[in-house]
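Participant: One file is attached below, final35.tsv, containing TSV, C-alpha atoms.
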chain	number	residue	atom	x	y	z
A	666	MET	CA	0.00	0.00	0.00
A	667	VAL	CA	1.34	3.42	-0.94
A	668	VAL	CA	0.29	6.55	0.91
A	669	SER	CA	1.16	9.95	-0.49
A	670	THR	CA	1.00	13.48	0.81
A	671	PRO	CA	1.29	16.34	-1.68
A	672	CYS	CA	4.21	18.66	-1.10
A	673	SER	CA	2.98	21.88	-2.71
A	674	ARG	CA	5.65	24.12	-1.20
A	675	TRP	CA	8.68	22.38	-2.67
A	676	GLY	CA	7.24	20.50	-5.66
A	677	LEU	CA	9.79	17.73	-5.18
A	678	SER	CA	9.70	14.06	-5.94
A	679	ILE	CA	8.45	12.29	-2.86
A	680	MET	CA	9.97	9.01	-1.89
A	681	MET	CA	7.26	6.79	-0.47
A	682	LEU	CA	7.65	3.50	1.26
A	683	ALA	CA	5.48	0.57	0.20
A	684	CYS	CA	5.55	-2.54	2.34
A	685	VAL	CA	4.50	-5.78	0.69
A	686	CYS	CA	3.99	-9.08	2.46
A	687	MET	CA	5.34	-12.07	0.58
A	688	SER	CA	6.36	-15.53	1.53
A	689	ALA	CA	10.05	-16.29	1.89
A	690	SER	CA	9.89	-18.83	-0.91
A	691	ALA	CA	9.23	-15.97	-3.34
A	692	PHE	CA	12.68	-14.58	-2.66
A	693	SER	CA	15.46	-16.66	-4.12
A	694	SER	CA	18.06	-14.68	-2.16
A	695	VAL	CA	16.48	-15.50	1.23
A	696	GLN	CA	17.74	-18.87	2.40
A	697	PRO	CA	17.13	-20.35	5.82
A	698	SER	CA	20.22	-20.49	7.95
A	699	SER	CA	21.11	-23.95	9.19
A	700	ASN	CA	22.68	-22.62	12.39
A	701	ARG	CA	19.68	-20.43	13.27
A	702	VAL	CA	16.58	-21.76	15.00
A	703	PRO	CA	13.33	-20.03	14.08
A	704	LEU	CA	11.56	-18.56	17.14
A	705	SER	CA	8.13	-19.63	15.97
A	706	GLY	CA	9.15	-23.26	15.53
A	707	ARG	CA	7.98	-23.19	11.89
A	708	PRO	CA	10.45	-23.72	9.07
A	709	MET	CA	11.87	-20.43	7.73
A	710	GLU	CA	10.58	-21.09	4.19
A	711	GLN	CA	6.98	-21.01	5.35
A	712	LYS	CA	7.22	-17.81	7.43
A	713	LYS	CA	5.81	-14.68	5.94
A	714	LEU	CA	8.35	-11.91	5.60
A	715	THR	CA	7.69	-8.22	5.14
A	716	ARG	CA	9.76	-6.62	2.41
A	717	CYS	CA	9.77	-2.91	1.79
A	718	PHE	CA	10.32	-1.26	-1.58
A	719	LEU	CA	10.83	2.39	-2.43
A	720	ASP	CA	8.38	3.83	-4.86
A	721	THR	CA	9.05	7.25	-6.34
A	722	LEU	CA	6.03	9.43	-6.80
A	723	THR	CA	6.33	12.74	-8.59
A	724	THR	CA	4.06	15.63	-7.83
A	725	SER	CA	2.90	17.81	-10.67
A	726	ILE	CA	2.33	21.02	-8.78
A	727	GLU	CA	3.16	24.33	-10.42
A	728	GLU	CA	5.66	26.33	-8.36
A	729	GLU	CA	6.03	30.07	-8.22
A	730	LYS	CA	9.57	31.09	-9.13
A	731	THR	CA	11.44	33.35	-6.76
A	732	PRO	CA	12.04	36.65	-8.53
A	733	ALA	CA	15.56	37.39	-9.77
A	734	PRO	CA	17.68	39.46	-7.37
A	735	LYS	CA	17.28	43.22	-7.82
A	736	ASP	CA	19.20	46.17	-6.44
A	737	LYS	CA	17.55	48.87	-4.32
A	738	ASN	CA	16.50	50.71	-7.52
A	739	GLY	CA	14.65	47.65	-8.86
A	740	ILE	CA	17.22	46.76	-11.55
A	741	ASP	CA	17.93	43.05	-12.11
A	742	PHE	CA	21.44	41.76	-11.53
A	743	VAL	CA	22.45	40.07	-14.79
A	744	VAL	CA	25.72	38.50	-15.88
A	745	GLY	CA	28.00	41.13	-17.40
A	746	SER	CA	26.46	44.13	-15.67
A	747	VAL	CA	28.70	46.56	-13.79
A	748	ILE	CA	27.93	46.97	-10.11
A	749	ARG	CA	29.21	49.10	-7.27
A	750	VAL	CA	29.59	48.15	-3.62
A	751	THR	CA	27.13	50.07	-1.41
A	752	ALA	CA	27.59	48.36	1.98
A	753	GLU	CA	30.00	49.51	4.65
A	754	ASN	CA	32.56	47.30	6.42
A	755	VAL	CA	32.66	44.57	3.76
A	756	LYS	CA	35.92	42.64	3.88
A	757	ALA	CA	37.38	40.20	1.37
A	758	PHE	CA	39.43	37.50	3.11
A	759	GLN	CA	39.96	35.40	-0.03
A	760	VAL	CA	42.37	37.80	-1.75
A	761	PRO	CA	46.10	37.01	-2.18
A	762	PRO	CA	48.42	38.50	0.50
A	763	LYS	CA	49.55	41.36	-1.73
A	764	GLY	CA	45.89	42.50	-1.82
A	765	PHE	CA	45.57	42.87	1.97
A	766	GLY	CA	44.91	46.47	2.96
A	767	THR	CA	42.51	49.39	2.76
A	768	PHE	CA	41.86	52.52	0.72
A	769	ASP	CA	42.62	55.99	2.08
A	770	GLU	CA	40.69	59.27	1.59
A	771	SER	CA	42.45	59.91	-1.73
A	772	LYS	CA	41.14	56.50	-2.95
A	773	ALA	CA	44.66	55.07	-3.11
A	774	PHE	CA	45.32	51.52	-1.94
A	775	VAL	CA	47.28	51.25	1.33
A	776	PRO	CA	48.84	47.78	1.85
A	777	ALA	CA	48.49	46.17	5.29
A	778	SER	CA	51.58	45.72	7.43
A	779	ASN	CA	53.05	42.23	7.70
A	780	THR	CA	52.38	41.88	11.42
A	781	GLY	CA	50.55	38.59	11.05
A	782	GLU	CA	47.39	39.81	12.77
A	783	ARG	CA	44.25	38.11	11.46
A	784	GLY	CA	42.35	41.41	11.50
A	785	LEU	CA	44.70	42.84	8.87
A	786	LYS	CA	44.69	39.84	6.51
A	787	ASN	CA	41.88	41.09	4.27
A	788	LEU	CA	40.94	43.76	1.78
A	789	ALA	CA	38.47	46.31	3.14
A	790	LEU	CA	36.11	47.10	0.25
A	791	PRO	CA	35.21	50.78	0.02
A	792	ILE	CA	31.78	52.03	-0.95
A	793	GLY	CA	32.03	52.74	-4.68
A	794	LEU	CA	34.38	49.90	-5.69
A	795	ARG	CA	33.13	48.53	-9.01
A	796	GLY	CA	33.16	45.08	-10.53
A	797	VAL	CA	31.35	42.89	-13.06
A	798	VAL	CA	28.68	40.29	-12.25
A	799	THR	CA	29.91	36.85	-13.34
A	800	LYS	CA	27.12	34.67	-11.97
A	801	VAL	CA	23.68	35.04	-10.42
A	802	TYR	CA	22.51	31.90	-8.64
A	803	ASP	CA	18.90	30.77	-8.96
A	804	ILE	CA	17.97	30.45	-5.30
A	805	ASP	CA	15.15	28.01	-6.18
A	806	GLU	CA	17.78	25.51	-7.34
A	807	VAL	CA	20.70	26.37	-5.05
A	808	SER	CA	20.38	27.75	-1.54
A	809	ALA	CA	23.05	30.38	-2.00
A	810	ASN	CA	23.42	32.73	0.94
A	811	TRP	CA	25.14	35.30	-1.27
A	812	PRO	CA	23.65	34.72	-4.73
A	813	ILE	CA	25.54	37.37	-6.74
A	814	GLN	CA	29.13	36.61	-7.77
A	815	VAL	CA	31.24	39.61	-8.77
A	816	LYS	CA	34.73	39.79	-10.28
A	817	PHE	CA	36.96	42.73	-9.48
A	818	MET	CA	39.90	43.40	-11.84
A	819	PRO	CA	42.74	45.91	-11.49
A	820	GLY	CA	42.52	48.72	-14.03
A	821	LYS	CA	38.88	48.06	-15.00
A	822	ASN	CA	35.74	49.92	-13.92
A	823	THR	CA	37.64	52.58	-11.99
A	824	ASP	CA	35.07	55.34	-12.60
A	825	GLU	CA	34.91	56.30	-8.92
A	826	GLY	CA	38.67	56.20	-8.48
A	827	TYR	CA	39.00	52.90	-6.62
A	828	ASP	CA	41.31	50.40	-8.31
A	829	PRO	CA	41.49	46.93	-6.72
A	830	PRO	CA	45.11	45.85	-6.08
A	831	VAL	CA	44.50	42.26	-7.25
A	832	ALA	CA	41.88	40.35	-9.22
A	833	PHE	CA	39.40	38.40	-7.09
A	834	LEU	CA	35.89	36.98	-7.04
A	835	MET	CA	33.43	37.61	-4.24
A	836	HIS	CA	29.82	36.70	-3.47
A	837	PHE	CA	27.35	39.34	-2.31
A	838	GLU	CA	23.79	39.76	-1.13
A	839	GLU	CA	21.39	42.02	-3.00
A	840	HIS	CA	21.49	44.85	-0.44
A	841	GLU	CA	25.30	45.16	-0.65
A	842	LEU	CA	25.36	46.17	-4.33
A	843	GLU	CA	23.71	48.38	-6.89
A	844	CYS	CA	23.79	48.31	-10.67
A	845	VAL	CA	25.58	51.16	-12.40
Please express what this file holds, its structure, as structure tokens.
Facilitator:
Amino acid sequence: MVVSTPCSRWGLSIMMLACVCMSASAFSSVQPSSNRVPLSGRPMEQKKLTRCFLDTLTTSIEEEKTPAPKDKNGIDFVVGSVIRVTAENVKAFQVPPKGFGTFDESKAFVPASNTGERGLKNLALPIGLRGVVTKVYDIDEVSANWPIQVKFMPGKNTDEGYDPPVAFLMHFEEHELECV
């Protein structure tokens, strides 16, 4: 017997368990063990066994798609679009060591000292740093916490005066960026 419950929220295939009673003689792989004594006193071949099989049931429920990520002005983030960082105190820890540092008031890069402190081993991203969107994750398919991937390249998109010291990729949330 198969019992199903529709899963309208996720629209996923539901794995259901169906238990079927069959006699042991129907299974060629089930052989009575000569060193095992049946508890019921009946021969093992005549006992009824319960075997369970997985049955895949697919729901055909239409799902609403989550809208594509948009910036605060309502513009979609699409691959190839130029963005600018709008959030304060964003730090990139995945940059190479020569990219560790900050930007000063004149928008020039200031490398971090080689003191070995963890707090200095990052690149502090200034508001206005620009990059290019390389990927936008569909959050219905992948549960990406930061669904917008941006690539920053030295010498490119320096309209606001900030020039990243090294090339790097970084993932962002919608509220941390805006399209230019």
Participant: Please, which residues are within 12 Å of (40.3, 43.8, -1.2) by the file's coordinates, counting all atoms listed in the file, and could they come as a VMD selection string?
Facilitator: chain A and resid 750 754 to 768 774 to 777 785 to 792 794 to 796 816 to 819 827 to 835
Participant: Do you have, as CSV, the list of residues of range 755-839 of chain A lying at most 8 Å from range 734-746 of chain A, each with its nearest atom pair and that distance in Å to one decimal, counting all atoms listed in the file and ordered by chain then number?
Facilitator:
residue,atom,partner,partner_atom,distance
A:Val797,CA,A:Ser746,CA,5.7
A:Val798,CA,A:Val744,CA,5.0
A:Thr799,CA,A:Val744,CA,5.2
A:Lys800,CA,A:Val744,CA,5.6
A:Val801,CA,A:Val743,CA,6.8
A:Ile813,CA,A:Phe742,CA,7.7
A:Glu839,CA,A:Asp736,CA,5.8
Participant: Counting only C-alpha atoms, which of A:Asp803, A:Glu782, A:Glu753, A:Glu770 gets nearest to Thr731 in chain A?
Facilitator: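 Closest to Thr731 in chain A of all the choices is A:Asp803.
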Participant: Find the residues near Ala752 in chain A: any atom within 8 Å, counting only C-alpha atoms, skip ones fewer than 4 places away on the same chain, and give them as a ChimeraX atom specification.
Facilitator: /A:792,840-842
Participant: Can you pull out every residue within 10 Å of Gly826 in chain A, counting only C-alpha atoms, but drop anything in the same chain fewer than 4 positions away, and send it as a PDB file with C-alpha atoms, in the coordinates of the input?
Facilitator:
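Written output follows (part00.pdb):
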ATOM      1  CA  SER A 771      42.450  59.910  -1.730  1.00  0.00           C
ATOM      2  CA  LYS A 772      41.140  56.500  -2.950  1.00  0.00           C
ATOM      3  CA  ALA A 773      44.660  55.070  -3.110  1.00  0.00           C
ATOM      4  CA  GLY A 793      32.030  52.740  -4.680  1.00  0.00           C
ATOM      5  CA  LEU A 794      34.380  49.900  -5.690  1.00  0.00           C
ATOM      6  CA  ARG A 795      33.130  48.530  -9.010  1.00  0.00           C
ATOM      7  CA  ASN A 822      35.740  49.920 -13.920  1.00  0.00           C
TER       8      ASN A 822
END
Participant: Which residue out of A:Phe837, A:Pro732, A:Gly820, A:Ile748 has the minimum interatomic distance to Ile804 in chain A when only C-alpha atoms are used?
Facilitator: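 That would be A:Pro732, the residue with the smallest distance to Ile804 in chain A.
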